[in-house]
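Working notes, structure below.
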Amino acid sequence: MEVKREMVTIYIMGKAYKVPADATIMGALEYAGYQLKRGAGCREGFCGACATVYRLPKDYKLYTGLACSTLVKDGMYLTQIPFVPADKPVYDINKLEPTVVTFQKIYPEVFRCVACNTCTKACPQDLEVMDYIQAIIRGDIAKAADLSFDCICCGLCAIRCPAEIVQYNVGLLARRLYGKYLNSKSKQLDKRIEEIKQGKFDEEISKLMKMSRDELQKKYYERDLEAQVGD
Amino acid sequence: MYPEYMRESIKKVEQTRQKRLELAKSGKEVYPPMNAKEREEVLYKFHPDYREGARRVVRVGPNKGESLTTEVADLLEAHSRIKPELFDLTNPDYETDLLIIGGGGAGCAAALTAIEEGVNVIIVTKLRLGDANSMMSQGGMQAAVNPNDSPTIHYLDAIGGGHFDNKPELVKALVIDAPEVVKWLEELGVMWDKLPDGSLQTIHGGGTSRRRMLSCRDYTGAAIMRTLMDEVRNHPDKIKVIEFNPAIELIMDDKGQCAGAVIYNLETEEYSTIKAKATIIATGGFGRLHIRGFDTTNHYGATADGVVIAYRAGAKLLYMDSVQYHPTGAVFPEQIAGFLVTEKIRGAGGQPVNKDGELFVFPREPRDVESAAIIRECVERKKGVVTPSGRVGVWLDSPLIDMIHGEGFIKKQFPAMYRQFYRYGIDITKEPILVYPSLHYQNGGVEINEKCETNIPGLYVAGEASGGVHGRNRLMGNSVLDYNVFGRRAGRYAAEYAKKVKLGKLTLEHVKKYEKELEEAGIKTNRISPILLPLYTPEEVRKRQLTAHYEGTLR
């Protein structure tokens, strides 16, 4: 059953193509005949491979989006930005302290932020990018880690930033510092690791490993299930 | 936004919600879990693996005569991309101690562990570093950390979920290493979800008998993968990363040891050779083969390249007749068909219900059972909802989650899912999600032991490309764990091996031999493999791509 699809015209790097009106930009590129090598990754909004910029007719604004999850519009003219040149400083996470000093050393350009909010407007994840950069300037690593958590490192903030900050790398460092130094620690985890080192479960597991299929099956279906909701 | 006729069905879901909520809060199971016989029956009748044509006998290679997934057998009965005689192996383009093929979770974990042993590493990857299914896992990672849980119980859950086909020593490695992996990742800076007292937040997954799922909101894979990538890039003196260069054949030596690989520059279409003392395949799975025409949750590059090149070199495969369909792939809107809807939704209390708002399955059966039950509800019982484009699915009642855990829980714990649907005008805190099984995971792969060794000396495999850890069905949260546990093991053992081994003369003789075997089996085909990327060019365009003598090799 072939359903007649409504079509629109889009301009891929200036060239006109007729594509289905309900297509994503990535779907439209492929519909037009492009076989993507760069500019496509997870195709579900997690990997940041498909950053795209576009304008619409009679509209001065430059829009940003992920090709995998932005729908085409009639008259849209677009290009993908499959790679963002950015320095990735090398550091030893074990020798850093989770404070503003670390950012002053590794990413001094952070302090050039003019608070113009262009990064936030460019973010296809709708993150408060400027707010997490400002949090770092205030030394609030926890806040920066929280606000940048959903960052997919597409780089659209970094190419729009007049202060030339690479926000996504900065956010990643904030999260690593938080995860390693500031997040609360689980005593139970350390206890369990110690128990394993002492060989506490070796005998039990060896027993299971030696069981016949039938014995295992019986044990499996008899096991008790912890409730879904509880403390 | 759901069309009006679908809203009629949603009203029925809303009518039964309060009762289902009370059931969920009662502490009892909301629906009786299946016993062994019921599981077997629903699988046999409705799981896609058991449909006619799903499997066929492979006629060449180490598993010759064995029944494999049809699309996999096709890929194995295919020609190499190269003519071996054109390669001068006496003068390789790169030399290294350890070659890692694949820059996803397993590859990066292996590299970081290997350099601790003092070896040099090259990572080659088809797309960018981190372009992998590892980046996309949402729900979590299993690790038995709670006092009422243990690695032993984890073992029993995993092997039962895998229908007791899992290799015991691999399951042991998986569950025993798990807590240490949690710690290792935390020390690298992964932000695990924690409770106020510092303990790790744990919820259920399909087939778990204890709450064992650790998470980083619903960006678990992304949080781990980005941390591993960043750390790999902190060691440029020891780890060289070569992107957009998939390995397309292994290189062997005249003693039958693996000695590196031939790589292919996707952009310049050049081939290069890498001589390596040890090689790890960490290339992931096969979702982009679109087995049985299913949509997939998988990354663009998931085309089973590693399995293909290992097989051509003589590596034995295990359980390559078994495909995992994730129970809850998105069905509506059309643009996100097949996308993953994390199992964490059910782990947190979301329930699958039919078009009349009725529960029809225990929400947390192992994945193959849950998927088969959803297919049964749609296909046999006709209780699914049909979308405007003709797809069918059942409801995943997500609004229950906030009713169980309190308002705001979904937005805090499921930002990716909330965002995914909100883009299309669907608010999952208020409306259910329409789902149907989607091609998700390669249960089998190259057979390994607990050191990630294969039957080829010098060839190690880790992560989704390997077979045996999960039997014929993996549980949620055991793949993130798998790529960390076995990535680290592969890195360690391959590095130790690389320090001792003496390589002989390099050769691609196995490629010629395989070609001969194809010929002797009477297989006439123009298929070449690995395919590297799926082809999504429409038929209409392909009809006009009429270049008579195409010089490149990608198409």
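To be explicit about the labels: the chains of the structure tokens are called A, B, and onward in the order shown, and within each one the residues are counted from 1, while ligands get numbers from 1 in the order they are shown.
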
Inset, instruction - Determine which residues of segment 38-137 of chain A receive a DSSP assignment of helix (DSSP H, G or I), computed from the backbone, and state them as a PyMOL selection string. - result: chain A and resi 93-95+100-106+108-112+118-122+129-137

Inset, instruction - Would you list the contacts of Glu450 of chain B as a list in words, taking every protein, DNA or RNA residue within 7 Å and counting only C-alpha atoms, but skipping same-chain residues closer than 6 positions in sequence? - result: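 Contacts, with the query itself left out: Glu169, Leu170 and Ala173 of chain B.
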
Inset, instruction - Write out as number ranges by chain which residues come within 9 Å of Asp197 of chain B when counting only C-alpha atoms, dropping same-chain ones fewer than 6 positions away. - result: A: 184-186

Inset, instruction - Compile the contact shell of Arg492 of chain B as a ChimeraX atom specification: residues with an atom at most 9 Å away, counting only C-alpha atoms, same-chain residues fewer than 4 positions apart removed. - result: /B:110-111,113-117,451,487-488,496-497

Legend entry - Nearest candidate to chain A (options B:Asp157, B:Glu519, B:Glu4, B:Asp305; using only C-alpha atoms): B:Asp157
